[in-house]
Amino acid sequence: MKRVTIEPITRIEGHGKITIQLGDDGQVSGARFHVTQIRGFEKFVEGRPYYEMPSITARICGICPVSHLLAASKACDAIMAVRIPPTAVLLRELVHCAQIVQSHALSFFHLSAPDLLLGMDSDPAARNIFGLAEKRPEIARDGIELRKFGQRIIEGLTGERIHPSWIVPGGVNRPLSPEVRDEILMGLPQARQIAGRALDIFKSVLDGFKPEIASFASSPSMYCGLVSPGGELRFYDGLLRFKNAGGEIAASGIVAADYANYIGEASVPDSYMKAPYYKPVGYPAGMYRVGPLARLNAADCCGTPAADIELAEFRQRFGAVVESSFHYHYARLIEIVHALERIHALLETRGILDSQVRARAAVNAPSGIGIIEAPRGLLIHHYNVDENGAITRANLIVATGHNSLAIDNGVEQVAKAFVHGEKLEEGMLNRVSAVVRAFDPCLSCSTHAAGMPALAIELRSPEGALLDELRT
């Protein structure tokens, strides 16, 4: 028996590793994905006032703080039992779409494009954003410009590029100015051109990845996402829908308050990441996926013209239910098109410049649940408070956590397809890491272990031999 360890996994957010077990015949007998960091946000927020939760939980991540701000603020809205002003709803969705654009651009252009455009077997020293900038400078520039566009919208709306204090319980704390609206509208044409070019480039290289498409977490699973009552894709507000592997709706119309009837959480012994599952099926059979691919599988349509054209082609090429997680990249690009269309529609909506953008209230409910679609998938913030509004319990179910069972499954599937113990090659191991990158995981967000955290203490000799160990 031999063990191969990939540590750390590169070009992801956070810290994780992969272990691959090889049998005596050199073939893969098993593989696991481990999240090796723990954050503890759910415990140290206990006792804090509920209205501090957006600003505290935004510090979980520097990549998607807007997502945590929105989910936390929606949970606080529920604790206050208020309906936020219509303009505040529009502005929250606007900043959220900008977050989708900048995060998806980072994932595609900076983290995964080196694999996709330079090759899975290319020189690892140059298989990064710097190598991409040297070989394909126009693509690297497009990635920078598209991400910058999303970041500038966030800064224009909130006054801050990271951890903005603009999103608050009850709405937002400042209206949109005409100058910022006009600046965003002026930048939209270029952003849409970049998204179109990225889609064309990605489609042109797809045929070169047939083995990866066949093995990148392509096992059947359920899919979960937010949709409108009519089945359209939703990022900010919507109802939970689960589809099974055959594309049939397993459950739909689920409001935030009822999520716990459908989503359970398991702790696993070798990771600090929880493993959510679809309760009616049970653990671990109730594996489901979230995020761009799952959202497109769960929704009937995007609901915007250009994105729906791209979605129709996507489904024509790969089926009504697209199983391979390699196509998270494709789905991410379609969602950028949709987000840009939504940004334009929101800016043209009557009332977008209105000054009434915040409702104020005190504690009117003992708990609150906020659910949104973060760039990486479904994000749930669930808070309980005492009569003074102090947090007594907080539970966060983060996108990468929802995907944990699927990522684990995918790591083993890819390892069995590409890794051969008699002759290990770097490109083999890169593909095992690449299946993780396809999900665009945020491990800093996801490490909220329930129950007893997994702990292993090893005593080793100076030569490295294992003398004793203690596991909890």
# chains A, B, ... in the order shown; residues from 1 in each chain; ligands from 1
>>> closest_atom_pairs(of="range 199-311 of chain A", to="range 84-103 of chain A", cutoff="12 Å", atoms="only C-alpha atoms", output="Markdown table")
| residue | atom | partner | partner_atom | distance |
| --- | --- | --- | --- | --- |
| A:Arg234 | CA | A:Glu93 | CA | 9.8 |
| A:Phe235 | CA | A:His96 | CA | 7.6 |
| A:Tyr236 | CA | A:Glu93 | CA | 5.7 |
| A:Asp237 | CA | A:Glu93 | CA | 8.3 |
| A:Gly238 | CA | A:Glu93 | CA | 11.7 |
| A:Gly291 | CA | A:Ile100 | CA | 11.1 |
| A:Pro292 | CA | A:Ile100 | CA | 10.2 |
>>> write_last_selection(atoms="N, CA and C atoms", output="PDB file, in the first residue's frame")
ATOM      1  N   ARG A 234     -32.071  32.584 -10.159  1.00  0.00           N
ATOM      2  CA  ARG A 234     -32.027  33.706  -9.231  1.00  0.00           C
ATOM      3  C   ARG A 234     -30.730  33.665  -8.431  1.00  0.00           C
ATOM      4  N   PHE A 235     -30.126  34.849  -8.226  1.00  0.00           N
ATOM      5  CA  PHE A 235     -28.929  34.970  -7.403  1.00  0.00           C
ATOM      6  C   PHE A 235     -29.242  35.497  -6.007  1.00  0.00           C
ATOM      7  N   TYR A 236     -30.073  36.527  -5.913  1.00  0.00           N
ATOM      8  CA  TYR A 236     -30.298  37.197  -4.627  1.00  0.00           C
ATOM      9  C   TYR A 236     -31.529  36.682  -3.889  1.00  0.00           C
ATOM     10  N   ASP A 237     -32.656  36.609  -4.555  1.00  0.00           N
ATOM     11  CA  ASP A 237     -33.899  36.158  -3.942  1.00  0.00           C
ATOM     12  C   ASP A 237     -34.456  35.003  -4.751  1.00  0.00           C
ATOM     13  N   GLY A 238     -35.060  34.053  -4.083  1.00  0.00           N
ATOM     14  CA  GLY A 238     -35.661  32.947  -4.808  1.00  0.00           C
ATOM     15  C   GLY A 238     -36.095  31.850  -3.875  1.00  0.00           C
ATOM     16  N   GLY A 291     -23.854  25.691  -6.980  1.00  0.00           N
ATOM     17  CA  GLY A 291     -22.939  26.507  -7.771  1.00  0.00           C
ATOM     18  C   GLY A 291     -23.398  26.645  -9.213  1.00  0.00           C
ATOM     19  N   PRO A 292     -22.552  27.222 -10.072  1.00  0.00           N
ATOM     20  CA  PRO A 292     -22.988  27.561 -11.434  1.00  0.00           C
ATOM     21  C   PRO A 292     -23.596  26.404 -12.211  1.00  0.00           C
TER      22      PRO A 292
END
>>> closest_residue(among="A:Gly131, A:Gly143, A:Gly427, A:Gly410", to="Ala214 in chain A", atoms="only C-alpha atoms")
A:Gly410
>>> closest_residue(among="A:Pro220, A:Gly286, A:Pro305, A:Pro49", to="Asp386 in chain A", atoms="only C-alpha atoms")
A:Pro49
>>> closest_atom_pairs(of="range 371-461 of chain A", to="range 278-284 of chain A", cutoff="12 Å", atoms="only C-alpha atoms", output="CSV")
residue,atom,partner,partner_atom,distance
A:His402,CA,A:Tyr278,CA,9.8
A:Asn403,CA,A:Tyr278,CA,11.7
A:Ser404,CA,A:Pro284,CA,10.9
A:Leu405,CA,A:Pro284,CA,7.7
A:Ala406,CA,A:Pro284,CA,10.3
A:Asp408,CA,A:Pro284,CA,11.5
A:Asn409,CA,A:Pro284,CA,10.9
>>> residues_around(residues="range 8-21 of chain A", least_positions_apart="2", cutoff="8 Å", atoms="only C-alpha atoms", output="PyMOL selection string")
chain A and resi 1-6+23+28-37+111-112+411-412+415+433+437+440-444
>>> write_last_selection(atoms="N, CA and C atoms", output="mmCIF file, in the first residue's frame")
data_model
loop_
_atom_site.group_PDB
_atom_site.id
_atom_site.type_symbol
_atom_site.label_atom_id
_atom_site.label_comp_id
_atom_site.auth_asym_id
_atom_site.auth_seq_id
_atom_site.Cartn_x
_atom_site.Cartn_y
_atom_site.Cartn_z
ATOM 1 N N MET A 1 0.848 -1.197 0.000
ATOM 2 C CA MET A 1 0.000 0.000 0.000
ATOM 3 C C MET A 1 0.885 1.249 0.000
ATOM 4 N N LYS A 2 0.577 2.209 -0.850
ATOM 5 C CA LYS A 2 1.347 3.452 -0.948
ATOM 6 C C LYS A 2 0.389 4.629 -0.927
ATOM 7 N N ARG A 3 0.800 5.720 -0.321
ATOM 8 C CA ARG A 3 -0.025 6.920 -0.267
ATOM 9 C C ARG A 3 0.664 8.061 -1.002
ATOM 10 N N VAL A 4 -0.088 8.727 -1.863
ATOM 11 C CA VAL A 4 0.388 9.933 -2.554
ATOM 12 C C VAL A 4 -0.388 11.114 -1.984
ATOM 13 N N THR A 5 0.323 12.150 -1.584
ATOM 14 C CA THR A 5 -0.313 13.330 -0.991
ATOM 15 C C THR A 5 -0.062 14.554 -1.857
ATOM 16 N N ILE A 6 -1.125 15.274 -2.169
ATOM 17 C CA ILE A 6 -1.016 16.554 -2.866
ATOM 18 C C ILE A 6 -1.304 17.640 -1.844
ATOM 19 N N GLY A 23 -2.968 0.670 -4.332
ATOM 20 C CA GLY A 23 -2.854 -0.722 -3.931
ATOM 21 C C GLY A 23 -1.517 -1.310 -4.345
ATOM 22 N N VAL A 28 -5.190 2.969 -8.151
ATOM 23 C CA VAL A 28 -5.812 3.760 -7.085
ATOM 24 C C VAL A 28 -6.921 2.946 -6.431
ATOM 25 N N SER A 29 -6.829 2.821 -5.114
ATOM 26 C CA SER A 29 -7.873 2.117 -4.369
ATOM 27 C C SER A 29 -8.807 3.079 -3.652
ATOM 28 N N GLY A 30 -8.401 4.335 -3.527
ATOM 29 C CA GLY A 30 -9.243 5.336 -2.874
ATOM 30 C C GLY A 30 -8.549 6.685 -2.885
ATOM 31 N N ALA A 31 -9.338 7.748 -2.731
ATOM 32 C CA ALA A 31 -8.776 9.102 -2.668
ATOM 33 C C ALA A 31 -9.703 9.967 -1.834
ATOM 34 N N ARG A 32 -9.112 10.944 -1.129
ATOM 35 C CA ARG A 32 -9.903 11.802 -0.252
ATOM 36 C C ARG A 32 -9.452 13.241 -0.382
ATOM 37 N N PHE A 33 -10.412 14.138 -0.211
ATOM 38 C CA PHE A 33 -10.158 15.578 -0.187
ATOM 39 C C PHE A 33 -10.298 16.041 1.263
ATOM 40 N N HIS A 34 -9.273 16.717 1.775
ATOM 41 C CA HIS A 34 -9.260 17.135 3.177
ATOM 42 C C HIS A 34 -9.143 18.656 3.269
ATOM 43 N N VAL A 35 -9.991 19.266 4.072
ATOM 44 C CA VAL A 35 -9.838 20.680 4.412
ATOM 45 C C VAL A 35 -9.093 20.736 5.737
ATOM 46 N N THR A 36 -7.947 21.386 5.739
ATOM 47 C CA THR A 36 -7.025 21.291 6.872
ATOM 48 C C THR A 36 -7.008 22.528 7.763
ATOM 49 N N GLN A 37 -7.905 23.464 7.532
ATOM 50 C CA GLN A 37 -7.945 24.659 8.360
ATOM 51 C C GLN A 37 -9.301 24.750 9.055
ATOM 52 N N LEU A 111 -7.429 31.397 -12.173
ATOM 53 C CA LEU A 111 -7.185 30.132 -11.488
ATOM 54 C C LEU A 111 -7.253 28.916 -12.413
ATOM 55 N N SER A 112 -8.186 28.914 -13.354
ATOM 56 C CA SER A 112 -8.376 27.723 -14.189
ATOM 57 C C SER A 112 -7.883 27.871 -15.629
ATOM 58 N N VAL A 411 -12.679 13.673 -6.748
ATOM 59 C CA VAL A 411 -11.250 13.442 -6.551
ATOM 60 C C VAL A 411 -10.923 11.966 -6.765
ATOM 61 N N GLU A 412 -11.750 11.083 -6.204
ATOM 62 C CA GLU A 412 -11.505 9.645 -6.376
ATOM 63 C C GLU A 412 -11.723 9.225 -7.825
ATOM 64 N N ALA A 415 -8.728 10.467 -9.870
ATOM 65 C CA ALA A 415 -7.521 9.719 -9.513
ATOM 66 C C ALA A 415 -7.533 8.332 -10.157
ATOM 67 N N SER A 433 -5.994 17.812 -8.811
ATOM 68 C CA SER A 433 -6.209 19.147 -8.237
ATOM 69 C C SER A 433 -7.194 19.951 -9.065
ATOM 70 N N ARG A 437 -10.450 22.526 -8.427
ATOM 71 C CA ARG A 437 -10.533 23.902 -8.915
ATOM 72 C C ARG A 437 -11.790 24.137 -9.751
ATOM 73 N N ASP A 440 -14.275 25.687 -7.895
ATOM 74 C CA ASP A 440 -13.864 26.985 -7.366
ATOM 75 C C ASP A 440 -14.108 27.059 -5.859
ATOM 76 N N PRO A 441 -13.535 26.131 -5.088
ATOM 77 C CA PRO A 441 -13.866 26.094 -3.662
ATOM 78 C C PRO A 441 -13.281 27.269 -2.896
ATOM 79 N N CYS A 442 -13.987 27.675 -1.869
ATOM 80 C CA CYS A 442 -13.461 28.653 -0.913
ATOM 81 C C CYS A 442 -13.372 27.937 0.426
ATOM 82 N N LEU A 443 -12.193 27.412 0.740
ATOM 83 C CA LEU A 443 -12.051 26.590 1.936
ATOM 84 C C LEU A 443 -12.095 27.426 3.206
ATOM 85 N N SER A 444 -11.687 28.694 3.119
ATOM 86 C CA SER A 444 -11.799 29.567 4.287
ATOM 87 C C SER A 444 -13.254 29.758 4.679
#
>>> decode(residues="range 312-448 of chain A", atoms="C-alpha atoms", output="PDB file, in the first residue's frame")
ATOM      1  CA  ALA A 312     -29.765  26.613 -25.005  1.00  0.00           C
ATOM      2  CA  GLU A 313     -26.483  25.851 -26.821  1.00  0.00           C
ATOM      3  CA  PHE A 314     -25.008  24.420 -23.605  1.00  0.00           C
ATOM      4  CA  ARG A 315     -27.923  22.021 -23.229  1.00  0.00           C
ATOM      5  CA  GLN A 316     -27.941  21.144 -26.916  1.00  0.00           C
ATOM      6  CA  ARG A 317     -24.282  20.106 -26.675  1.00  0.00           C
ATOM      7  CA  PHE A 318     -24.353  18.267 -23.356  1.00  0.00           C
ATOM      8  CA  GLY A 319     -27.972  17.453 -22.517  1.00  0.00           C
ATOM      9  CA  ALA A 320     -30.775  18.850 -20.377  1.00  0.00           C
ATOM     10  CA  VAL A 321     -28.876  17.750 -17.259  1.00  0.00           C
ATOM     11  CA  VAL A 322     -25.138  18.339 -17.568  1.00  0.00           C
ATOM     12  CA  GLU A 323     -23.325  15.930 -15.261  1.00  0.00           C
ATOM     13  CA  SER A 324     -19.617  16.625 -15.668  1.00  0.00           C
ATOM     14  CA  SER A 325     -18.239  19.111 -13.164  1.00  0.00           C
ATOM     15  CA  PHE A 326     -15.681  20.104 -15.793  1.00  0.00           C
ATOM     16  CA  HIS A 327     -18.530  22.205 -17.145  1.00  0.00           C
ATOM     17  CA  TYR A 328     -18.594  24.407 -14.055  1.00  0.00           C
ATOM     18  CA  HIS A 329     -16.214  26.526 -16.149  1.00  0.00           C
ATOM     19  CA  TYR A 330     -18.735  26.784 -18.987  1.00  0.00           C
ATOM     20  CA  ALA A 331     -21.605  27.501 -16.583  1.00  0.00           C
ATOM     21  CA  ARG A 332     -19.544  30.205 -14.890  1.00  0.00           C
ATOM     22  CA  LEU A 333     -19.145  32.062 -18.169  1.00  0.00           C
ATOM     23  CA  ILE A 334     -22.881  31.814 -18.917  1.00  0.00           C
ATOM     24  CA  GLU A 335     -23.597  33.249 -15.486  1.00  0.00           C
ATOM     25  CA  ILE A 336     -21.274  36.186 -16.156  1.00  0.00           C
ATOM     26  CA  VAL A 337     -23.362  36.989 -19.244  1.00  0.00           C
ATOM     27  CA  HIS A 338     -26.550  36.719 -17.167  1.00  0.00           C
ATOM     28  CA  ALA A 339     -25.146  38.891 -14.354  1.00  0.00           C
ATOM     29  CA  LEU A 340     -24.121  41.601 -16.817  1.00  0.00           C
ATOM     30  CA  GLU A 341     -27.600  41.562 -18.337  1.00  0.00           C
ATOM     31  CA  ARG A 342     -29.160  41.828 -14.883  1.00  0.00           C
ATOM     32  CA  ILE A 343     -26.869  44.744 -14.016  1.00  0.00           C
ATOM     33  CA  HIS A 344     -28.104  46.594 -17.100  1.00  0.00           C
ATOM     34  CA  ALA A 345     -31.757  45.797 -16.341  1.00  0.00           C
ATOM     35  CA  LEU A 346     -31.431  46.872 -12.702  1.00  0.00           C
ATOM     36  CA  LEU A 347     -29.810  50.186 -13.629  1.00  0.00           C
ATOM     37  CA  GLU A 348     -32.690  50.873 -16.020  1.00  0.00           C
ATOM     38  CA  THR A 349     -35.344  49.997 -13.423  1.00  0.00           C
ATOM     39  CA  ARG A 350     -37.574  52.845 -12.315  1.00  0.00           C
ATOM     40  CA  GLY A 351     -36.812  53.791  -8.730  1.00  0.00           C
ATOM     41  CA  ILE A 352     -33.184  52.644  -8.733  1.00  0.00           C
ATOM     42  CA  LEU A 353     -32.083  56.164  -7.656  1.00  0.00           C
ATOM     43  CA  ASP A 354     -34.703  56.579  -4.915  1.00  0.00           C
ATOM     44  CA  SER A 355     -33.365  57.715  -1.562  1.00  0.00           C
ATOM     45  CA  GLN A 356     -35.447  55.420   0.691  1.00  0.00           C
ATOM     46  CA  VAL A 357     -33.088  52.486   1.066  1.00  0.00           C
ATOM     47  CA  ARG A 358     -33.267  51.326   4.682  1.00  0.00           C
ATOM     48  CA  ALA A 359     -35.879  50.093   7.152  1.00  0.00           C
ATOM     49  CA  ARG A 360     -35.176  50.271  10.877  1.00  0.00           C
ATOM     50  CA  ALA A 361     -36.469  48.067  13.681  1.00  0.00           C
ATOM     51  CA  ALA A 362     -35.400  46.172  16.784  1.00  0.00           C
ATOM     52  CA  VAL A 363     -35.663  42.464  17.610  1.00  0.00           C
ATOM     53  CA  ASN A 364     -39.061  41.143  16.582  1.00  0.00           C
ATOM     54  CA  ALA A 365     -38.293  37.453  16.037  1.00  0.00           C
ATOM     55  CA  PRO A 366     -36.106  34.916  17.895  1.00  0.00           C
ATOM     56  CA  SER A 367     -34.330  33.709  14.750  1.00  0.00           C
ATOM     57  CA  GLY A 368     -33.541  34.683  11.199  1.00  0.00           C
ATOM     58  CA  ILE A 369     -32.403  32.849   8.084  1.00  0.00           C
ATOM     59  CA  GLY A 370     -30.766  34.454   5.072  1.00  0.00           C
ATOM     60  CA  ILE A 371     -30.214  32.530   1.840  1.00  0.00           C
ATOM     61  CA  ILE A 372     -28.545  33.737  -1.352  1.00  0.00           C
ATOM     62  CA  GLU A 373     -26.591  32.239  -4.241  1.00  0.00           C
ATOM     63  CA  ALA A 374     -22.948  33.126  -3.642  1.00  0.00           C
ATOM     64  CA  PRO A 375     -20.684  32.815  -6.713  1.00  0.00           C
ATOM     65  CA  ARG A 376     -19.728  29.301  -5.627  1.00  0.00           C
ATOM     66  CA  GLY A 377     -23.260  28.243  -4.704  1.00  0.00           C
ATOM     67  CA  LEU A 378     -25.954  28.300  -2.058  1.00  0.00           C
ATOM     68  CA  LEU A 379     -25.071  30.256   1.098  1.00  0.00           C
ATOM     69  CA  ILE A 380     -27.169  29.957   4.269  1.00  0.00           C
ATOM     70  CA  HIS A 381     -26.847  32.067   7.429  1.00  0.00           C
ATOM     71  CA  HIS A 382     -29.073  30.974  10.311  1.00  0.00           C
ATOM     72  CA  TYR A 383     -29.042  32.928  13.595  1.00  0.00           C
ATOM     73  CA  ASN A 384     -30.844  32.551  16.914  1.00  0.00           C
ATOM     74  CA  VAL A 385     -30.964  35.493  19.337  1.00  0.00           C
ATOM     75  CA  ASP A 386     -32.122  36.210  22.877  1.00  0.00           C
ATOM     76  CA  GLU A 387     -34.589  38.935  23.804  1.00  0.00           C
ATOM     77  CA  ASN A 388     -31.782  41.513  23.724  1.00  0.00           C
ATOM     78  CA  GLY A 389     -30.655  40.534  20.238  1.00  0.00           C
ATOM     79  CA  ALA A 390     -27.477  38.715  21.284  1.00  0.00           C
ATOM     80  CA  ILE A 391     -26.543  35.722  19.163  1.00  0.00           C
ATOM     81  CA  THR A 392     -27.150  32.438  21.005  1.00  0.00           C
ATOM     82  CA  ARG A 393     -26.460  30.171  18.038  1.00  0.00           C
ATOM     83  CA  ALA A 394     -25.147  30.674  14.515  1.00  0.00           C
ATOM     84  CA  ASN A 395     -25.032  28.128  11.726  1.00  0.00           C
ATOM     85  CA  LEU A 396     -23.442  28.772   8.356  1.00  0.00           C
ATOM     86  CA  ILE A 397     -23.802  26.345   5.469  1.00  0.00           C
ATOM     87  CA  VAL A 398     -21.432  27.550   2.797  1.00  0.00           C
ATOM     88  CA  ALA A 399     -21.310  26.700  -0.917  1.00  0.00           C
ATOM     89  CA  THR A 400     -18.145  24.623  -0.794  1.00  0.00           C
ATOM     90  CA  GLY A 401     -19.624  22.655   2.102  1.00  0.00           C
ATOM     91  CA  HIS A 402     -22.691  21.764   0.031  1.00  0.00           C
ATOM     92  CA  ASN A 403     -20.320  20.453  -2.633  1.00  0.00           C
ATOM     93  CA  SER A 404     -18.058  18.537  -0.245  1.00  0.00           C
ATOM     94  CA  LEU A 405     -19.442  15.068  -1.012  1.00  0.00           C
ATOM     95  CA  ALA A 406     -19.324  15.734  -4.757  1.00  0.00           C
ATOM     96  CA  ILE A 407     -15.745  17.065  -4.570  1.00  0.00           C
ATOM     97  CA  ASP A 408     -14.666  13.996  -2.622  1.00  0.00           C
ATOM     98  CA  ASN A 409     -16.379  11.762  -5.139  1.00  0.00           C
ATOM     99  CA  GLY A 410     -14.754  13.639  -8.003  1.00  0.00           C
ATOM    100  CA  VAL A 411     -11.250  13.442  -6.551  1.00  0.00           C
ATOM    101  CA  GLU A 412     -11.505   9.645  -6.376  1.00  0.00           C
ATOM    102  CA  GLN A 413     -13.032   9.404  -9.842  1.00  0.00           C
ATOM    103  CA  VAL A 414     -10.264  11.479 -11.459  1.00  0.00           C
ATOM    104  CA  ALA A 415      -7.521   9.719  -9.513  1.00  0.00           C
ATOM    105  CA  LYS A 416      -8.762   6.329 -10.727  1.00  0.00           C
ATOM    106  CA  ALA A 417      -8.944   7.611 -14.293  1.00  0.00           C
ATOM    107  CA  PHE A 418      -5.515   9.253 -14.518  1.00  0.00           C
ATOM    108  CA  VAL A 419      -3.164   8.184 -11.694  1.00  0.00           C
ATOM    109  CA  HIS A 420      -1.070   5.060 -12.203  1.00  0.00           C
ATOM    110  CA  GLY A 421       1.285   4.174  -9.380  1.00  0.00           C
ATOM    111  CA  GLU A 422       3.920   2.462 -11.494  1.00  0.00           C
ATOM    112  CA  LYS A 423       4.848   5.820 -13.040  1.00  0.00           C
ATOM    113  CA  LEU A 424       3.596   8.998 -11.386  1.00  0.00           C
ATOM    114  CA  GLU A 425       3.613  12.097 -13.571  1.00  0.00           C
ATOM    115  CA  GLU A 426       2.914  15.698 -12.573  1.00  0.00           C
ATOM    116  CA  GLY A 427       0.099  16.045 -15.122  1.00  0.00           C
ATOM    117  CA  MET A 428      -1.770  13.170 -13.468  1.00  0.00           C
ATOM    118  CA  LEU A 429      -1.730  14.874 -10.101  1.00  0.00           C
ATOM    119  CA  ASN A 430      -2.558  18.242 -11.639  1.00  0.00           C
ATOM    120  CA  ARG A 431      -5.792  16.774 -12.977  1.00  0.00           C
ATOM    121  CA  VAL A 432      -6.717  15.590  -9.484  1.00  0.00           C
ATOM    122  CA  SER A 433      -6.209  19.147  -8.237  1.00  0.00           C
ATOM    123  CA  ALA A 434      -8.001  20.559 -11.275  1.00  0.00           C
ATOM    124  CA  VAL A 435     -11.244  18.756 -10.454  1.00  0.00           C
ATOM    125  CA  VAL A 436     -11.220  20.610  -7.128  1.00  0.00           C
ATOM    126  CA  ARG A 437     -10.533  23.902  -8.915  1.00  0.00           C
ATOM    127  CA  ALA A 438     -13.504  23.255 -11.220  1.00  0.00           C
ATOM    128  CA  PHE A 439     -15.769  23.760  -8.191  1.00  0.00           C
ATOM    129  CA  ASP A 440     -13.864  26.985  -7.366  1.00  0.00           C
ATOM    130  CA  PRO A 441     -13.866  26.094  -3.662  1.00  0.00           C
ATOM    131  CA  CYS A 442     -13.461  28.653  -0.913  1.00  0.00           C
ATOM    132  CA  LEU A 443     -12.051  26.590   1.936  1.00  0.00           C
ATOM    133  CA  SER A 444     -11.799  29.567   4.287  1.00  0.00           C
ATOM    134  CA  CYS A 445     -15.562  29.963   3.951  1.00  0.00           C
ATOM    135  CA  SER A 446     -16.328  26.288   4.306  1.00  0.00           C
ATOM    136  CA  THR A 447     -14.567  25.272   7.505  1.00  0.00           C
ATOM    137  CA  HIS A 448     -17.418  25.298   9.977  1.00  0.00           C
TER     138      HIS A 448
END
